[in-house]
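Undergrad: Coordinates in model-v4.cif, mmCIF, C-alpha atoms, are listed below.
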```cif
data_final
#
loop_
_atom_site.label_atom_id
_atom_site.label_comp_id
_atom_site.auth_asym_id
_atom_site.auth_seq_id
_atom_site.Cartn_x
_atom_site.Cartn_y
_atom_site.Cartn_z
CA MET I 1201 0.46 -13.69 -0.88
CA ARG I 1202 1.97 -15.60 2.04
CA ARG I 1203 2.00 -19.37 1.69
CA LEU I 1204 -0.97 -20.81 3.55
CA VAL I 1205 0.27 -24.26 4.32
CA ALA I 1206 3.91 -25.26 3.99
CA PRO I 1207 7.33 -23.96 2.98
CA ILE I 1208 8.96 -24.61 -0.34
CA LEU I 1209 10.88 -27.48 1.24
CA LEU I 1210 7.97 -29.80 0.60
CA ALA I 1211 8.13 -29.09 -3.10
CA ILE I 1212 11.87 -29.80 -2.93
CA ALA I 1213 11.16 -33.07 -1.10
CA VAL I 1214 8.77 -34.21 -3.79
CA THR I 1215 11.24 -33.24 -6.50
CA LEU I 1216 14.14 -35.05 -4.85
CA ALA I 1217 12.05 -38.15 -4.27
CA ALA I 1218 11.12 -38.18 -7.94
CA ALA I 1219 14.67 -37.62 -9.20
CA PRO I 1220 15.51 -40.32 -11.74
CA THR I 1221 18.78 -42.17 -11.88
CA GLY I 1222 21.07 -41.75 -14.86
CA CYS I 1223 20.05 -38.12 -15.32
CA ALA I 1224 23.54 -36.66 -15.60
CA LYS I 1225 23.17 -35.51 -19.19
CA ARG I 1226 19.42 -34.99 -19.51
CA ALA I 1227 18.69 -31.29 -19.85
CA ILE I 1228 15.74 -29.53 -18.26
CA ALA I 1229 16.63 -26.06 -19.58
CA LYS I 1230 18.98 -24.30 -21.97
CA VAL I 1231 20.62 -20.91 -21.40
CA ASN I 1232 21.96 -19.45 -24.65
CA GLY I 1233 22.62 -23.01 -25.75
CA ASP I 1234 24.20 -24.15 -22.45
CA MET I 1235 22.40 -27.10 -20.87
CA ILE I 1236 21.23 -27.27 -17.27
CA THR I 1237 21.13 -31.00 -16.58
CA GLU I 1238 18.82 -32.81 -14.21
CA GLN I 1239 21.83 -33.87 -12.14
CA GLU I 1240 22.88 -30.23 -11.71
CA PHE I 1241 19.31 -29.25 -10.87
CA TYR I 1242 18.77 -31.96 -8.23
CA SER I 1243 22.20 -31.34 -6.73
CA LYS I 1244 21.37 -27.67 -6.18
CA LEU I 1245 17.99 -28.58 -4.69
CA GLU I 1246 19.66 -30.95 -2.25
CA ASP I 1247 22.23 -28.32 -1.28
CA ALA I 1248 19.46 -25.79 -0.68
CA GLY I 1249 17.20 -27.93 1.47
CA GLY I 1250 18.27 -31.56 1.67
CA ARG I 1251 18.80 -31.63 5.44
CA GLN I 1252 15.46 -29.97 6.18
CA VAL I 1253 13.69 -32.21 3.70
CA LEU I 1254 15.14 -35.36 5.27
CA ASP I 1255 14.09 -34.19 8.73
CA ARG I 1256 10.61 -33.44 7.42
CA LEU I 1257 10.27 -36.88 5.84
CA ILE I 1258 11.46 -38.53 9.06
CA LEU I 1259 8.88 -36.51 10.98
CA GLU I 1260 6.12 -37.53 8.60
CA HIS I 1261 6.99 -41.18 9.22
CA LEU I 1262 7.07 -40.63 12.99
CA ILE I 1263 3.71 -38.86 12.94
CA ALA I 1264 2.17 -41.65 10.83
CA GLN I 1265 3.55 -44.30 13.22
CA LYS I 1266 2.25 -42.48 16.30
CA ALA I 1267 -1.14 -41.94 14.65
CA LYS I 1268 -1.37 -45.66 13.87
CA GLU I 1269 -0.45 -46.48 17.46
CA LYS I 1270 -3.15 -44.12 18.77
CA LYS I 1271 -5.64 -45.25 16.09
CA ALA I 1272 -5.92 -41.66 14.87
CA GLN I 1273 -6.72 -41.08 11.23
CA VAL I 1274 -7.79 -38.27 8.95
CA THR I 1275 -10.83 -39.10 6.84
CA GLU I 1276 -11.17 -38.04 3.23
CA ALA I 1277 -14.13 -35.86 4.26
CA GLU I 1278 -11.99 -34.04 6.85
CA LEU I 1279 -9.20 -33.54 4.35
CA ASN I 1280 -11.58 -32.18 1.71
CA GLN I 1281 -13.13 -29.83 4.27
CA ALA I 1282 -9.69 -28.51 5.22
CA LEU I 1283 -8.77 -28.02 1.56
CA ASN I 1284 -12.05 -26.19 0.91
CA ASP I 1285 -11.30 -23.87 3.84
CA VAL I 1286 -7.95 -22.98 2.25
CA LYS I 1287 -9.62 -22.41 -1.10
CA GLN I 1288 -12.18 -20.08 0.49
CA ARG I 1289 -9.44 -18.01 2.11
CA VAL I 1290 -7.57 -17.73 -1.18
CA GLY I 1291 -10.73 -17.20 -3.23
CA ALA I 1292 -12.19 -19.75 -5.63
CA ASP I 1293 -11.50 -17.49 -8.60
CA ARG I 1294 -7.82 -17.15 -7.62
CA TRP I 1295 -7.10 -20.76 -6.65
CA GLN I 1296 -5.38 -21.89 -9.85
CA GLU I 1297 -3.35 -18.67 -9.92
CA PHE I 1298 -2.31 -19.31 -6.31
CA ILE I 1299 -1.26 -22.89 -7.14
CA LYS I 1300 0.95 -21.70 -9.99
CA SER I 1301 2.57 -18.83 -8.09
CA SER I 1302 3.12 -20.74 -4.82
CA GLY I 1303 5.19 -23.56 -6.32
CA GLN I 1304 2.94 -26.14 -4.66
CA SER I 1305 0.57 -28.66 -6.16
CA GLU I 1306 -2.87 -29.35 -4.75
CA ASP I 1307 -1.61 -32.79 -3.66
CA SER I 1308 1.29 -31.25 -1.68
CA ILE I 1309 -1.12 -28.86 0.04
CA LYS I 1310 -3.40 -31.78 0.93
CA ASN I 1311 -0.40 -33.66 2.32
CA ASP I 1312 0.49 -30.71 4.57
CA LEU I 1313 -3.10 -30.43 5.73
CA LYS I 1314 -3.17 -34.14 6.53
CA GLN I 1315 0.00 -33.83 8.64
CA ASN I 1316 -1.46 -30.85 10.53
CA LEU I 1317 -4.76 -32.64 11.17
CA LEU I 1318 -2.97 -35.79 12.38
CA LEU I 1319 -0.89 -33.68 14.78
CA ALA I 1320 -4.05 -31.97 16.01
CA LYS I 1321 -5.66 -35.35 16.72
CA LEU I 1322 -2.56 -36.47 18.62
CA LEU I 1323 -2.40 -33.27 20.65
CA ILE I 1324 -6.02 -32.22 21.21
CA THR I 1325 -8.67 -34.23 23.04
CA GLU I 1326 -12.34 -34.21 22.08
CA PRO I 1327 -13.41 -32.37 25.28
CA GLU I 1328 -10.77 -29.68 24.62
CA LEU I 1329 -12.02 -29.29 21.05
CA GLU I 1330 -15.64 -28.92 22.18
CA LYS I 1331 -14.73 -26.43 24.91
CA TYR I 1332 -12.68 -24.26 22.55
CA TYR I 1333 -15.45 -24.25 19.97
CA GLN I 1334 -18.10 -23.25 22.53
CA GLU I 1335 -15.93 -20.39 23.77
CA ASN I 1336 -15.03 -19.16 20.26
CA LYS I 1337 -17.89 -20.28 18.04
CA THR I 1338 -18.57 -16.79 16.63
CA ARG I 1339 -15.06 -16.80 15.11
CA PHE I 1340 -16.12 -19.67 12.88
CA ASP I 1341 -19.40 -18.17 11.71
CA GLU I 1342 -19.74 -16.56 8.29
CA PRO I 1343 -20.72 -12.88 8.65
CA ALA I 1344 -23.36 -11.28 6.48
CA GLN I 1345 -21.86 -9.49 3.48
CA ALA I 1346 -22.97 -6.74 1.16
CA LYS I 1347 -21.78 -5.30 -2.12
CA TYR I 1348 -22.59 -1.71 -3.00
CA ARG I 1349 -21.81 1.13 -5.36
CA ARG I 1350 -21.24 4.75 -4.45
CA ILE I 1351 -21.18 8.27 -5.79
CA ILE I 1352 -18.80 10.72 -4.08
CA LEU I 1353 -19.59 14.43 -4.34
CA LYS I 1354 -17.84 17.54 -3.06
CA SER I 1355 -20.63 18.84 -0.83
CA LYS I 1356 -23.82 17.75 0.90
CA GLU I 1357 -25.84 20.18 -1.20
CA GLU I 1358 -24.57 18.61 -4.42
CA ALA I 1359 -25.12 15.11 -3.01
CA ASP I 1360 -28.72 15.97 -2.01
CA LYS I 1361 -29.43 17.26 -5.53
CA VAL I 1362 -27.98 14.21 -7.26
CA ARG I 1363 -29.89 11.84 -4.98
CA GLN I 1364 -33.15 13.67 -5.63
CA ASP I 1365 -32.60 13.37 -9.38
CA ILE I 1366 -31.87 9.64 -9.08
CA VAL I 1367 -34.93 8.97 -6.90
CA ALA I 1368 -37.13 11.03 -9.27
CA GLY I 1369 -35.87 9.02 -12.23
CA LYS I 1370 -34.19 11.99 -13.87
CA LEU I 1371 -30.74 10.46 -13.51
CA ASP I 1372 -29.53 6.86 -13.60
CA PHE I 1373 -27.24 5.78 -10.74
CA ALA I 1374 -24.62 4.32 -13.10
CA GLN I 1375 -24.72 7.48 -15.20
CA ALA I 1376 -24.24 9.63 -12.10
CA VAL I 1377 -21.21 7.53 -11.10
CA LYS I 1378 -19.66 8.06 -14.50
CA GLU I 1379 -20.44 11.76 -14.93
CA LYS I 1380 -20.50 13.29 -11.44
CA SER I 1381 -18.59 11.13 -8.95
CA GLU I 1382 -15.23 12.20 -7.49
CA ASP I 1383 -14.58 8.54 -6.68
CA PRO I 1384 -11.24 7.05 -7.85
CA MET I 1385 -13.20 3.77 -8.23
CA LYS I 1386 -15.61 5.28 -10.74
CA ASN I 1387 -14.02 3.34 -13.61
CA GLN I 1388 -15.28 0.18 -11.90
CA GLY I 1389 -18.76 1.63 -11.70
CA GLY I 1390 -18.12 2.77 -8.12
CA GLU I 1391 -18.59 -0.83 -6.92
CA ILE I 1392 -17.18 -1.83 -3.53
CA GLY I 1393 -17.19 -5.17 -1.75
CA PRO I 1394 -18.29 -7.62 -0.69
CA VAL I 1395 -17.91 -6.06 2.77
CA SER I 1396 -18.53 -8.11 5.92
CA GLU I 1397 -20.99 -6.86 8.50
CA GLY I 1398 -19.29 -4.74 11.16
CA PHE I 1399 -16.26 -3.85 9.04
CA GLY I 1400 -15.23 -0.67 7.25
CA ASP I 1401 -16.59 2.86 7.60
CA PRO I 1402 -19.23 2.81 10.40
CA ASN I 1403 -21.47 5.23 8.47
CA VAL I 1404 -21.45 2.94 5.45
CA ALA I 1405 -21.65 -0.27 7.49
CA LYS I 1406 -24.88 0.87 9.11
CA LEU I 1407 -26.58 1.50 5.76
CA LEU I 1408 -25.35 -1.70 4.13
CA PHE I 1409 -27.59 -3.83 6.31
CA THR I 1410 -30.54 -1.46 6.76
CA LEU I 1411 -31.16 -0.24 3.21
CA LYS I 1412 -33.30 -2.35 0.91
CA LEU I 1413 -31.60 -3.76 -2.17
CA ASN I 1414 -31.20 -1.06 -4.86
CA GLU I 1415 -32.54 1.62 -2.51
CA VAL I 1416 -30.62 4.91 -2.78
CA GLY I 1417 -29.41 5.99 0.65
CA GLU I 1418 -29.35 9.50 2.07
CA PRO I 1419 -25.97 11.26 1.63
CA ILE I 1420 -23.43 10.46 4.36
CA PRO I 1421 -19.96 11.94 5.03
CA SER I 1422 -17.09 10.44 3.04
CA SER I 1423 -13.53 10.22 4.34
CA TYR I 1424 -12.03 11.14 0.94
CA PRO I 1425 -11.83 13.79 -0.35
CA GLN I 1426 -12.07 15.68 2.94
CA GLY I 1427 -15.48 17.30 3.42
CA SER I 1428 -17.12 15.25 0.67
CA TYR I 1429 -20.34 13.21 0.84
CA GLN I 1430 -21.32 9.88 -0.68
CA ILE I 1431 -24.50 8.26 -1.86
CA ILE I 1432 -24.62 4.46 -1.69
CA GLN I 1433 -26.83 1.81 -3.21
CA VAL I 1434 -26.71 -1.81 -1.99
CA ILE I 1435 -26.70 -4.11 -5.02
CA GLN I 1436 -26.06 -7.51 -3.41
CA ARG I 1437 -26.38 -8.98 0.06
CA THR I 1438 -25.73 -12.44 1.52
CA GLU I 1439 -26.99 -13.58 4.89
CA GLY I 1440 -24.59 -14.69 7.59
CA LYS I 1441 -24.39 -18.33 8.57
CA LYS I 1442 -23.75 -20.00 11.92
CA HIS I 1443 -21.77 -23.22 11.76
CA THR I 1444 -21.95 -26.32 13.94
CA LEU I 1445 -18.76 -27.92 15.25
CA ALA I 1446 -19.14 -30.72 12.71
CA GLU I 1447 -19.13 -28.19 9.87
CA VAL I 1448 -15.97 -26.37 11.01
CA ARG I 1449 -14.18 -29.16 12.86
CA THR I 1450 -10.99 -28.99 10.81
CA ARG I 1451 -10.80 -25.18 11.14
CA VAL I 1452 -11.20 -25.44 14.91
CA MET I 1453 -8.44 -28.06 15.15
CA GLN I 1454 -6.04 -26.00 13.05
CA SER I 1455 -6.82 -22.86 15.04
CA MET I 1456 -6.05 -24.68 18.29
CA LEU I 1457 -2.88 -26.16 16.82
CA ALA I 1458 -1.65 -22.70 15.83
CA MET I 1459 -2.12 -21.51 19.40
CA ARG I 1460 -0.21 -24.41 20.93
CA GLN I 1461 3.07 -24.20 19.05
CA GLN I 1462 5.26 -24.58 22.14
CA GLU I 1463 3.46 -27.75 23.16
CA LEU I 1464 3.56 -28.99 19.58
CA SER I 1465 7.32 -28.40 19.40
CA LYS I 1466 7.79 -30.55 22.48
CA VAL I 1467 5.63 -33.35 21.05
CA LEU I 1468 7.63 -33.38 17.81
CA ASN I 1469 10.97 -33.33 19.61
CA ASP I 1470 9.78 -36.14 21.88
CA LEU I 1471 8.90 -38.16 18.79
CA ARG I 1472 12.41 -37.60 17.44
CA ALA I 1473 14.05 -38.35 20.78
CA GLY I 1474 12.06 -41.53 21.36
CA ALA I 1475 12.67 -43.04 17.94
CA SER I 1476 15.41 -45.28 16.60
CA ILE I 1477 16.70 -43.25 13.66
CA THR I 1478 19.77 -44.15 11.61
CA ILE I 1479 21.08 -41.66 9.08
CA LEU I 1480 22.84 -43.60 6.31
CA ARG I 1481 24.16 -40.73 4.23
CA PRO I 1482 27.33 -39.11 5.64
CA ARG I 1483 26.44 -35.54 4.63
CA TYR I 1484 23.44 -35.64 7.00
CA GLN I 1485 25.24 -36.92 10.10
CA SER I 1486 24.70 -33.52 11.72
CA LEU I 1487 20.98 -34.37 11.74
CA ALA I 1488 21.72 -37.63 13.52
CA GLU I 1489 23.77 -35.67 16.09
CA GLN I 1490 20.84 -33.31 16.63
CA TYR I 1491 18.52 -36.28 17.32
CA ALA I 1492 21.08 -37.71 19.74
CA LYS I 1493 21.15 -34.41 21.68
CA LEU I 1494 17.37 -34.43 21.93
CA LYS I 1495 17.51 -37.99 23.25
CA GLU I 1496 20.07 -36.97 25.89
CA GLN I 1497 17.97 -34.01 26.99
CA LYS I 1498 14.81 -36.07 27.39
CA PRO I 1499 14.48 -37.16 31.05
CA PRO I 1500 13.76 -40.87 31.58
CA GLU I 1501 10.11 -41.73 32.22
CA ILE I 1502 9.49 -43.27 35.65
CA PRO I 1503 6.35 -45.41 35.95
CA GLY I 1504 3.82 -43.73 38.23
CA ALA I 1505 5.82 -40.50 38.39
CA GLY I 1506 3.35 -38.46 36.35
CA PRO I 1507 4.02 -36.61 33.12
CA THR I 1508 7.57 -36.14 31.89
CA PRO I 1509 8.97 -32.78 33.11
CA PRO I 1510 10.03 -30.21 30.50
CA ALA I 1511 13.56 -30.26 29.12
CA PRO I 1512 16.19 -28.15 30.93
CA SER I 1513 16.32 -24.47 30.02
CA LYS I 1514 19.79 -24.90 28.50
CA ALA I 1515 18.29 -27.02 25.69
CA PRO I 1516 18.39 -25.34 22.28
CA GLU I 1517 15.06 -23.83 21.31
CA PRO I 1518 13.28 -26.13 18.85
CA PRO I 1519 12.18 -24.53 15.58
CA ALA I 1520 8.51 -23.83 14.96
CA PRO I 1521 7.17 -27.00 13.30
CA LYS I 1522 4.79 -27.13 10.31
CA PRO I 1523 5.97 -29.88 10.68
CA GLY I 1524 9.59 -28.76 10.14
CA GLY I 1525 12.84 -29.67 11.71
CA PRO I 1526 16.09 -28.60 13.23
CA LYS I 1527 18.12 -26.38 10.96
#
```
Spell out the structure here as structure tokens.
TA:
Amino acid sequence: MRRLVAPILLAIAVTLAAAPTGCAKRAIAKVNGDMITEQEFYSKLEDAGGRQVLDRLILEHLIAQKAKEKKAQVTEAELNQALNDVKQRVGADRWQEFIKSSGQSEDSIKNDLKQNLLLAKLLITEPELEKYYQENKTRFDEPAQAKYRRIILKSKEEADKVRQDIVAGKLDFAQAVKEKSEDPMKNQGGEIGPVSEGFGDPNVAKLLFTLKLNEVGEPIPSSYPQGSYQIIQVIQRTEGKKHTLAEVRTRVMQSMLAMRQQELSKVLNDLRAGASITILRPRYQSLAEQYAKLKEQKPPEIPGAGPTPPAPSKAPEPPAPKPGGPK
């Protein structure tokens, strides 16, 4: 599954920041008796992503300073709401598995979310947020969902007969799935879903929200195998829910932020260009040179002259921030 929040560089940043001194001989793994020391481990991590990590940490400080200047802050409630949104997309039952496989901790994900929300507050005004929500509010609603089970049969005649037997009580639905269905999902009891309203096979979708719970529907065409028919029974249904802006505020901000990447890139580069940044470690002087180029490309601001014009077209294209940095 694609990472939802941030690249592996954040995990590297946390690891490097936590690297102890005097770790030259302390082993973290053994390979057929050969030690891999902490020093070797941290050195490789720095080689792999040290420059990007340093740029990211500098950006985090710049964002925090700008947020303090603008009196923008992310509340614990907003942060928890954003984290819950991520958990819902992953699935509550898969969250711990996702944490383990992604290489992130829950704290690192929360840190990324906080950075994104701070950037959104610096970039997006309240009237813009309200307008976007009003124009797109259905995107943030929860659709009705249904779970069902099905029996797939080779012909309509066979499907009619099986349905009649089920309705008459001569045959149990679960038994019919097991003994008569041509469904490859029959080993799971023929269960499908949950399926959101308006999605999937139109013939099925119509029945999912018109049949009563546990009612056995009339046979309808099935797409597989060709020429077959299916009988469905809705076993679970949840109503849709409309959300207010307050309930989905963090989702709206992150959606807007994702759509304004070019503007966001300029904001981040302006933060870099406008800051006094000194790189003390020689191996990262190329990062200092990159900041200097951004500073040169930024036109001087003239009082009363309106907003700063965009950088010349010859400027190198800034990387997509998350927040990230120049490579």
Undergrad: Considering only C-alpha atoms, return as a ChimeraX atom specification whatever protein or nucleic-acid residues lie within 10 Å of Gln1345 of chain I, sequence-local ones (same chain, fewer than 4 positions apart) excluded.
TA: /I:1393-1399,1408-1409,1436-1440
Undergrad: Please indicate the distance in Å from atom CA of Ile1258 of chain I to atom CA of Asp1307 of chain I, rounded to one decimal place.
TA: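 Computed distance, atom CA of Ile1258 of chain I to atom CA of Asp1307 of chain I, equals 19.1 Å.
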Undergrad: Tell me which residues come within 7 Å of (15.8, -35.9, 2.3), as a ChimeraX atom specification, counting only C-alpha atoms in the file's coordinates.
TA: /I:1213,1250-1251,1253-1255,1257
Undergrad: Using only C-alpha atoms, which protein or nucleic acid residues come within 12 Å of segment 1358-1373 of chain I? Drop anything in the same chain fewer than 4 positions from it, and give the result as a ChimeraX atom specification.
TA: /I:1348-1354,1377-1382,1386,1389-1391,1414-1422,1427-1435
Undergrad: I would like the residues chosen by the PyMOL selection byres ((chain I and resi 1239) around 8) on the shown file; could you give them as an MDAnalysis selection string?
TA: chainID I and resid 1223:1226 1237:1238 1240:1243
Undergrad: Using all atoms listed in the file, which protein or nucleic acid residues come within 7 Å of segment 1476-1479 of chain I? Drop anything in the same chain fewer than 3 positions from it, and give the result as a short mmCIF file (atom, residue, chain, number, x, y, z; two decimals) with C-alpha atoms, in the coordinates of the input.
TA:
```cif
data_model
loop_
_atom_site.label_atom_id
_atom_site.label_comp_id
_atom_site.auth_asym_id
_atom_site.auth_seq_id
_atom_site.Cartn_x
_atom_site.Cartn_y
_atom_site.Cartn_z
CA TYR I 1484 23.44 -35.64 7.00
CA GLN I 1485 25.24 -36.92 10.10
CA ALA I 1488 21.72 -37.63 13.52
#
```
